[in-house]
Each structure stands twice: as C-alpha cells, then as structure tokens.
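Shown next: query_9.txt, given as compact mmCIF, C-alpha atoms.
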```
# COMPACT_ATOMS: atom_id res chain seq x y z
CA MET A 1 88.72 161.81 108.96
CA THR A 2 91.60 159.50 109.92
CA ALA A 3 91.05 155.76 109.77
CA THR A 4 92.01 153.81 112.86
CA TYR A 5 93.25 150.26 112.95
CA PRO A 6 93.26 147.83 115.87
CA SER A 7 96.58 147.47 117.67
CA GLN A 8 98.37 144.18 118.26
CA ALA A 9 97.40 144.37 121.94
CA SER A 10 93.72 144.59 121.07
CA LEU A 11 94.05 141.65 118.66
CA ALA A 12 95.69 139.39 121.25
CA PRO A 13 92.50 138.59 123.23
CA SER A 14 90.61 137.81 120.03
CA ARG A 15 93.37 135.44 118.92
CA SER A 16 93.25 133.72 122.30
CA ARG A 17 89.50 133.32 121.93
CA VAL A 18 89.99 131.78 118.48
CA ILE A 19 92.46 129.25 119.88
CA LEU A 20 90.18 128.39 122.79
CA ARG A 21 87.24 128.07 120.42
CA GLY A 22 89.29 125.67 118.31
CA PHE A 23 90.02 123.50 121.36
CA ARG A 24 86.36 123.49 122.36
CA SER A 25 85.37 122.50 118.82
CA LEU A 26 87.86 119.64 118.87
CA PHE A 27 86.52 118.34 122.20
CA ARG A 28 82.94 118.65 121.00
CA ARG A 29 83.32 117.23 117.49
CA ALA A 30 86.02 114.60 118.10
CA PRO A 31 86.20 113.75 121.82
CA LEU A 32 88.30 110.63 121.21
CA SER A 33 90.91 112.61 119.27
CA ALA A 34 90.82 115.32 121.94
CA PHE A 35 91.45 112.69 124.63
CA TRP A 36 94.47 111.34 122.76
CA GLY A 37 95.61 114.91 122.17
CA CYS A 38 95.70 115.33 125.95
CA ILE A 39 97.75 112.13 126.19
CA ALA A 40 100.17 113.50 123.57
CA ALA A 41 100.43 116.77 125.49
CA ALA A 42 101.10 114.86 128.72
CA ILE A 43 103.89 112.87 127.02
CA VAL A 44 105.48 116.06 125.72
CA ALA A 45 105.19 117.66 129.18
CA MET A 46 106.80 114.55 130.70
CA ALA A 47 109.72 114.84 128.28
CA VAL A 48 110.22 118.53 129.04
CA ALA A 49 110.04 118.02 132.82
CA ALA A 50 112.09 114.80 132.85
CA PRO A 51 114.99 116.15 134.96
CA VAL A 52 112.51 117.17 137.68
CA ILE A 53 110.16 114.18 137.80
CA VAL A 54 112.50 111.19 137.42
CA PRO A 55 112.83 109.27 140.70
CA TYR A 56 116.42 108.15 140.01
CA GLU A 57 119.38 109.16 137.88
CA PRO A 58 118.81 107.23 134.62
CA LEU A 59 122.51 106.44 134.09
CA LYS A 60 123.29 105.46 137.67
CA SER A 61 123.83 101.75 138.30
CA ASP A 62 122.81 99.94 141.49
CA PHE A 63 124.52 96.55 141.53
CA ARG A 64 122.46 95.48 144.54
CA SER A 65 119.26 95.77 142.47
CA MET A 66 120.25 94.28 139.14
CA GLN A 67 117.41 93.05 136.91
CA LYS A 68 114.74 93.31 139.60
CA PRO A 69 111.04 93.12 138.67
CA PRO A 70 108.71 96.04 139.48
CA ASP A 71 108.28 96.68 143.20
CA GLU A 72 107.45 99.58 145.52
CA LYS A 73 110.98 101.01 145.12
CA HIS A 74 111.34 100.66 141.36
CA TRP A 75 107.87 100.81 139.80
CA PHE A 76 109.07 99.66 136.36
CA GLY A 77 111.84 97.40 137.68
CA THR A 78 115.55 97.68 136.89
CA ASP A 79 117.74 96.60 134.00
CA GLN A 80 120.70 94.24 133.92
CA ILE A 81 123.05 96.72 135.64
CA GLY A 82 120.55 98.08 138.14
CA ARG A 83 119.36 101.24 136.39
CA ASP A 84 115.79 102.34 137.11
CA THR A 85 113.58 101.53 134.11
CA LEU A 86 110.96 104.19 134.88
CA SER A 87 113.60 106.93 134.90
CA ARG A 88 115.07 105.64 131.65
CA VAL A 89 111.64 105.51 129.97
CA ILE A 90 110.95 109.11 131.03
CA TYR A 91 114.36 110.32 129.86
CA GLY A 92 114.06 108.25 126.70
CA SER A 93 111.06 110.31 125.69
CA ARG A 94 113.28 113.39 125.42
CA ALA A 95 115.59 111.86 122.83
CA SER A 96 112.85 110.07 120.88
CA LEU A 97 110.54 113.09 120.68
CA THR A 98 113.37 115.54 119.93
CA VAL A 99 114.69 113.49 117.01
CA ALA A 100 111.20 112.78 115.65
CA ALA A 101 109.91 116.35 116.03
CA GLY A 102 113.05 117.86 114.50
CA ALA A 103 112.93 115.49 111.54
CA VAL A 104 109.21 116.01 110.93
CA LEU A 105 109.28 119.80 111.24
CA PHE A 106 112.29 120.14 108.97
CA GLY A 107 111.21 117.55 106.43
CA THR A 108 107.56 118.59 106.29
CA THR A 109 108.42 122.30 106.10
CA VAL A 110 110.95 121.81 103.30
CA GLY A 111 108.52 119.52 101.50
CA ALA A 112 105.65 121.98 101.91
CA LEU A 113 107.67 124.89 100.50
CA TRP A 114 108.90 122.69 97.67
CA GLY A 115 105.34 121.58 96.93
CA LEU A 116 104.20 125.22 97.00
CA ALA A 117 106.78 126.13 94.35
CA CYS A 118 106.00 123.04 92.25
CA GLY A 119 102.26 123.61 92.27
CA TYR A 120 102.52 127.34 91.59
CA PHE A 121 105.13 127.40 88.81
CA GLY A 122 104.33 124.02 87.20
CA GLY A 123 105.93 123.24 83.85
CA ARG A 124 109.42 121.79 83.60
CA PHE A 125 110.28 122.73 87.17
CA ASP A 126 107.32 120.75 88.47
CA MET A 127 108.10 117.78 86.23
CA ALA A 128 111.76 117.63 87.29
CA SER A 129 110.80 118.05 90.95
CA GLN A 130 108.27 115.21 90.79
CA ARG A 131 110.89 112.87 89.30
CA LEU A 132 113.26 113.76 92.15
CA ILE A 133 110.51 113.20 94.72
CA GLU A 134 109.75 109.79 93.20
CA PHE A 135 113.47 108.99 93.45
CA LEU A 136 113.46 109.88 97.16
CA GLN A 137 110.29 107.85 97.75
CA SER A 138 111.91 104.77 96.19
CA PHE A 139 114.22 104.44 99.20
CA PRO A 140 112.82 102.74 102.33
CA ASP A 141 112.88 104.94 105.41
CA LEU A 142 115.46 102.86 107.25
CA ILE A 143 117.96 103.06 104.35
CA LEU A 144 118.12 106.83 104.92
CA ALA A 145 118.76 106.00 108.57
CA MET A 146 120.36 109.09 110.06
CA ALA A 147 118.50 111.49 107.75
CA ILE A 148 114.92 110.85 108.85
CA ALA A 149 113.97 114.36 107.78
CA ILE A 150 114.72 113.53 104.13
CA THR A 151 112.11 110.77 104.14
CA ARG A 152 109.42 113.28 105.18
CA ILE A 153 110.08 115.73 102.32
CA PRO A 154 108.30 113.80 99.51
CA PHE A 155 105.09 113.42 101.51
CA GLY A 156 104.88 117.12 102.35
CA GLY A 157 105.84 118.11 98.82
CA ARG A 158 103.21 116.01 97.08
CA VAL A 159 100.34 116.88 99.42
CA ILE A 160 101.00 120.63 99.40
CA ARG A 161 101.55 120.58 95.62
CA SER A 162 98.10 119.08 95.08
CA VAL A 163 96.56 121.73 97.34
CA VAL A 164 98.35 124.55 95.50
CA LEU A 165 97.28 123.24 92.08
CA SER A 166 93.65 123.72 93.08
CA LEU A 167 94.16 126.99 94.95
CA LYS A 168 96.00 128.90 92.22
CA GLU A 169 92.95 128.68 89.94
CA ILE A 170 90.54 130.14 92.52
CA GLN A 171 89.01 133.51 91.65
CA TYR A 172 90.59 135.57 94.44
CA VAL A 173 94.05 134.44 93.36
CA GLU A 174 93.25 135.28 89.75
CA ALA A 175 91.95 138.66 90.89
CA ALA A 176 95.14 139.38 92.83
CA ARG A 177 97.18 138.35 89.79
CA GLY A 178 95.12 140.65 87.60
CA LEU A 179 95.80 143.55 89.98
CA GLY A 180 99.53 143.05 89.46
CA ALA A 181 100.49 141.06 92.58
CA SER A 182 103.97 139.58 92.40
CA HIS A 183 104.65 135.85 92.44
CA LYS A 184 106.05 136.19 95.97
CA ARG A 185 102.90 137.91 97.22
CA LEU A 186 100.60 135.43 95.49
CA MET A 187 102.47 132.45 96.91
CA PHE A 188 103.05 133.59 100.48
CA ARG A 189 100.10 135.95 101.07
CA HIS A 190 97.23 134.32 99.20
CA ILE A 191 98.09 130.62 98.73
CA LEU A 192 100.40 129.57 101.59
CA PRO A 193 97.93 130.44 104.42
CA GLN A 194 95.44 128.00 102.88
CA CYS A 195 98.07 125.24 103.19
CA VAL A 196 98.39 125.53 106.97
CA ALA A 197 95.68 122.95 107.70
CA PRO A 198 97.18 120.13 105.58
CA TYR A 199 100.62 121.05 106.95
CA LEU A 200 99.42 120.61 110.55
CA ILE A 201 97.81 117.29 109.70
CA LEU A 202 100.97 116.05 107.97
CA ALA A 203 103.23 117.15 110.83
CA THR A 204 101.05 115.55 113.51
CA THR A 205 100.52 112.20 111.80
CA HIS A 206 104.10 111.90 110.54
CA LEU A 207 105.42 112.49 114.05
CA GLY A 208 104.22 109.00 114.99
CA VAL A 209 105.96 107.53 111.93
CA ALA A 210 109.20 109.33 112.81
CA ILE A 211 109.05 108.00 116.38
CA VAL A 212 108.76 104.44 115.06
CA ILE A 213 111.71 105.04 112.68
CA GLU A 214 113.84 106.48 115.50
CA ALA A 215 112.97 103.55 117.76
CA SER A 216 113.82 101.12 114.96
CA LEU A 217 117.19 102.78 114.43
CA GLY A 218 117.90 102.64 118.15
CA PHE A 219 116.91 98.97 118.25
CA LEU A 220 119.27 98.23 115.36
CA GLY A 221 122.10 100.11 117.06
CA VAL A 222 122.42 102.94 114.52
CA GLY A 223 120.51 105.60 116.44
CA ILE A 224 121.56 107.54 119.54
CA PRO A 225 124.24 105.35 121.17
CA PRO A 226 124.06 104.07 124.75
CA PRO A 227 124.23 104.95 127.58
CA SER A 228 121.87 107.79 126.62
CA PRO A 229 118.42 106.20 126.95
CA THR A 230 115.99 106.07 124.05
CA TRP A 231 113.01 103.78 123.74
CA GLY A 232 114.64 101.94 120.84
CA ASN A 233 118.00 101.22 122.46
CA MET A 234 116.21 100.20 125.69
CA LEU A 235 114.48 97.44 123.71
CA SER A 236 117.82 96.52 122.19
CA ASP A 237 119.44 96.34 125.63
CA ALA A 238 116.65 94.03 126.79
CA LEU A 239 117.79 91.43 124.26
CA ASN A 240 121.20 91.35 125.96
CA ALA A 241 119.70 90.73 129.39
CA GLY A 242 119.44 86.96 128.90
CA LEU A 243 118.13 84.20 126.71
CA VAL A 244 114.59 85.25 127.63
CA PRO A 245 114.43 89.04 128.15
CA PRO A 246 112.72 90.15 131.38
CA TRP A 247 109.17 91.14 130.54
CA TRP A 248 109.35 94.59 132.18
CA LEU A 249 112.36 95.62 130.07
CA VAL A 250 110.32 94.93 126.93
CA LEU A 251 106.84 95.94 128.07
CA PHE A 252 107.36 99.48 129.34
CA PRO A 253 109.45 100.94 126.47
CA GLY A 254 107.11 99.19 124.02
CA VAL A 255 104.02 100.65 125.70
CA ALA A 256 105.63 104.12 125.63
CA ILE A 257 106.21 103.85 121.87
CA THR A 258 102.72 102.50 121.23
CA LEU A 259 100.92 105.14 123.31
CA THR A 260 102.90 107.99 121.77
CA VAL A 261 102.37 106.88 118.18
CA LEU A 262 98.69 106.20 118.78
CA ALA A 263 98.19 109.56 120.51
CA PHE A 264 99.73 111.62 117.71
CA ASN A 265 98.03 109.63 114.95
CA LEU A 266 94.57 110.01 116.48
CA LEU A 267 95.23 113.68 117.26
CA GLY A 268 96.11 114.17 113.60
CA ASP A 269 92.85 112.49 112.57
CA GLY A 270 90.92 114.85 114.84
CA ILE A 271 92.68 117.93 113.44
CA ARG A 272 91.92 116.72 109.91
CA ASP A 273 88.23 116.24 110.73
CA LEU A 274 88.07 119.65 112.39
CA LEU A 275 89.78 121.58 109.58
CA ASP A 276 88.30 119.78 106.58
CA PRO A 277 84.94 121.42 105.71
CA ARG A 278 83.78 118.26 103.93
CA LEU A 279 84.09 116.24 107.14
CA ARG A 280 82.74 118.70 109.71
CA GLY A 281 79.17 117.51 109.39
CA SER A 282 80.08 113.84 109.71
CA VAL A 283 82.27 114.01 112.81
```

Just give me the structure as structure tokens.
Amino acid sequence: MTATYPSQASLAPSRSRVILRGFRSLFRRAPLSAFWGCIAAAIVAMAVAAPVIVPYEPLKSDFRSMQKPPDEKHWFGTDQIGRDTLSRVIYGSRASLTVAAGAVLFGTTVGALWGLACGYFGGRFDMASQRLIEFLQSFPDLILAMAIAITRIPFGGRVIRSVVLSLKEIQYVEAARGLGASHKRLMFRHILPQCVAPYLILATTHLGVAIVIEASLGFLGVGIPPPSPTWGNMLSDALNAGLVPPWWLVLFPGVAITLTVLAFNLLGDGIRDLLDPRLRGSV
C-alpha cells in the first residue's frame, strides 16, 4: 500500500487559515497592539503608494506660496521655498522606512545566525564572539552612522544565543543527535525554527529604533542628502527657515516619526505577548 502525502496546493489553504487565526488571536488578546499594527501597516502602505497619493511633486518649488501655514490648498503648509509639506512627509516615509527596514533585517538576521552558531558550538568560538559583540556594543549607535545595520547585530546575536543555549539541551534535540543528525540539520531543522518568534520580536521593535537613528542622522546632515525628503532632514531644514522655525515644519515630520516608532514598538509588544507561552494567560 503506497503512502500518500499532501501536496503544496492542499497545504496552502491550511497555512492561510493559520495566518488568519494568528491575526484573530492578536486582535483578541492584544487589541491595543493590533490597533497600532494597523497603523504601522497603513504607514507602510502609504510609503509604497507615495507616487500615487501625493497631492504635489515633493521637489517642486512654488515661490508664490513660500512658508505658508496649513490651508485648504496645502493641508500641512509649505516650506521656505514653497514645497508642499504633506507630499514631502509622505515621500519621506519611503526613505526612512527603507533605510530602517534594510538595516534591521540585515543586522538582526546576521546577528541571529551568529547567535545560533555561538549558542550551538559554544567553547572558544562563543567566548571570542561574545568579546567581539561587547566591542561592537561599546560604540554608540550614532558613531556607526552610515552602518546602522552593524549596531543591530549584537542585539540579535545575544538574544538568539541565549535561546539556542536552552534549546540545544532539550530532549528532542538530544534524540536527533543520538540518531546521527549532522550539525547543519540540528541547527537549521531542529533549533532555528524555534528562534523565529524572538527574531520577529527583535525585528519589529528594533525597526522603531532604526527609524529614530535614521532621523537623527538626517537631522545632523549625515544621512540621505537633500533635496530627497526624509523626516530627519525635513526637521533640519526647518531650523534654516528662520530664527523661530514655523510650527508646521516641525510638527508634522515629528508626528510622523513619533507615530511610526510607537506603532512598531507596540506591535512588537503584542507579537511578544502572543508568541510567548508564559504571557498568553496574562494578556
């Protein structure tokens, strides 16, 4: 009698149901985090659709409307050379989110794989790696200005290492080792899937940190250079608009940064509460 296995097509609906069930659990267990997750999704959608939804060209100057407060024509006002602030805030989300997401995904992924190797092999390799991680952590984030991803590696490495140290002593891993499983199979088949939850939490929460770093670099003039709009260099440009910067040039980029960081941080908290078995009953 021939054994039959489910095809990928038959598994697709069940995977979709698992994802939908996860969303429903998040809304039920942590409605506040789910709300901010929707805000984060809306900000990402705004960044993706920026060329379609902006009311004006963000780099186009209108010298008849220089430094105008918000009105029915320009909802967020204009800057010192007549560019629409709303359009620049929307387009600024593309640069800020792209830099932050790229840095976090690269840094957290490299750190997670490094932590996996450190926790699994231990010994001198682990000791030398931890000294190098401590060396990287000794530098403030802004000193490693244009290499934001490097600042995320130590956090991912240390968290995933601690998870692996506990996982490699679990009975099913010992059983697989006793059956002759290779180091590669033990690491990537039996241990790495259990590290997905802390990885998601790290990536989500560190995205807010990376956005603040990118905005700080833009404000200091060492990030993406003008005229390309980012939230950080928009705040920097506001300082050049006069002795007292117009309130709308400071308020709207600042609110965009605050909302985005808050949304991703609270979404990360909700994912942590949902995936951590110790917290499921208390959410």

What are the closest atom pairs, with distances in Å to one decimal, for all residues of stretch 171-269 of chain A lying within 12 Å of stretch 58-62 of chain A? Consider only C-alpha atoms, order rows by chain and residue number, and present the result as a Markdown table.
```
| residue | atom | partner | partner_atom | distance |
| --- | --- | --- | --- | --- |
| A:Pro226 | CA | A:Leu59 | CA | 9.8 |
| A:Pro227 | CA | A:Leu59 | CA | 6.9 |
| A:Ser228 | CA | A:Leu59 | CA | 7.6 |
| A:Pro229 | CA | A:Pro58 | CA | 7.7 |
| A:Thr230 | CA | A:Pro58 | CA | 11.0 |
| A:Met234 | CA | A:Pro58 | CA | 11.7 |
```

Take the residues that were just selected and, keeping C-alpha atoms, output them as a JSON list (two decimals), keeping the file's coordinate frame.
```
[["chain", "number", "residue", "atom", "x", "y", "z"],
["A", 226, "PRO", "CA", 124.06, 104.07, 124.75],
["A", 227, "PRO", "CA", 124.23, 104.95, 127.58],
["A", 228, "SER", "CA", 121.87, 107.79, 126.62],
["A", 229, "PRO", "CA", 118.42, 106.20, 126.95],
["A", 230, "THR", "CA", 115.99, 106.07, 124.05],
["A", 234, "MET", "CA", 116.21, 100.20, 125.69]]
```

**Report entry** Nearest-residue call for A:Asp273, choices A:Ala30, A:Asp126, A:Arg24, A:Val48, using all atoms listed in the file
**Finding:** A:Ala30

Query raised in the report: Can you tell me, as a VMD selection string, which residues sit within 12 Å of (110.1, 117.3, 131.3) in the file's frame, using all atoms listed in the file?
Result: chain A and resid 41 to 54 87 89 to 95 97 to 98

Report task. Rank nothing, just name the residue among A:Val212, A:Leu262, A:Ala203, A:Leu217 nearest to A:Ala101, using only C-alpha atoms. Result -> A:Ala203

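Near A:Ile81, within 6 Å and counting all atoms listed in the file, sit Ser61, Met66, Asp79 and Arg83 of chain A, not including residues fewer than 2 positions from it in the same chain.
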
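Atom CA of A:Phe155 is found 18.7 Å from atom CA of A:Pro193.
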
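Minimum distance to A:Arg161 across A:Ala112, A:Ala176, A:Val250, A:Leu132 (counting all atoms listed in the file) occurs at A:Ala112.
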
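Comparing A:Ile160, A:Leu259, A:Leu274, A:Leu200 by their smallest distance to A:Cys38, the closest is A:Leu259 (using all atoms listed in the file).
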
Residue completion, stretch 51-63 of chain A, N, CA, C and O atoms, as a compact mmCIF listing (two decimals), keeping the file's coordinate frame:
```
# COMPACT_ATOMS: atom_id res chain seq x y z
N PRO A 51 113.99 116.02 133.89
CA PRO A 51 114.99 116.15 134.96
C PRO A 51 114.38 116.37 136.34
O PRO A 51 115.03 116.11 137.35
N VAL A 52 113.14 116.86 136.39
CA VAL A 52 112.51 117.17 137.68
C VAL A 52 111.72 115.98 138.22
O VAL A 52 111.69 115.75 139.43
N ILE A 53 111.10 115.19 137.34
CA ILE A 53 110.16 114.18 137.80
C ILE A 53 110.75 112.78 137.90
O ILE A 53 110.11 111.89 138.46
N VAL A 54 111.95 112.55 137.35
CA VAL A 54 112.50 111.19 137.42
C VAL A 54 112.85 110.85 138.86
O VAL A 54 113.41 111.67 139.59
N PRO A 55 112.52 109.63 139.31
CA PRO A 55 112.83 109.27 140.70
C PRO A 55 114.30 108.94 140.93
O PRO A 55 114.78 109.06 142.06
N TYR A 56 115.02 108.51 139.88
CA TYR A 56 116.42 108.15 140.01
C TYR A 56 117.20 108.70 138.82
O TYR A 56 116.63 109.01 137.77
N GLU A 57 118.51 108.79 138.98
CA GLU A 57 119.38 109.16 137.88
C GLU A 57 119.36 108.04 136.84
O GLU A 57 119.65 106.88 137.17
N PRO A 58 119.00 108.32 135.60
CA PRO A 58 118.81 107.23 134.62
C PRO A 58 120.08 106.49 134.23
O PRO A 58 120.00 105.37 133.74
N LEU A 59 121.25 107.09 134.45
CA LEU A 59 122.51 106.44 134.09
C LEU A 59 123.22 105.82 135.29
O LEU A 59 124.27 105.19 135.12
N LYS A 60 122.64 105.96 136.47
CA LYS A 60 123.29 105.46 137.67
C LYS A 60 122.96 103.99 137.90
O LYS A 60 121.79 103.60 137.91
N SER A 61 124.00 103.19 138.08
CA SER A 61 123.83 101.75 138.30
C SER A 61 123.74 101.44 139.80
O SER A 61 124.38 102.10 140.61
N ASP A 62 122.93 100.45 140.11
CA ASP A 62 122.81 99.94 141.49
C ASP A 62 122.99 98.43 141.42
O ASP A 62 122.06 97.70 141.09
N PHE A 63 124.21 97.97 141.71
CA PHE A 63 124.52 96.55 141.53
C PHE A 63 123.87 95.66 142.58
O PHE A 63 123.91 94.44 142.48
```
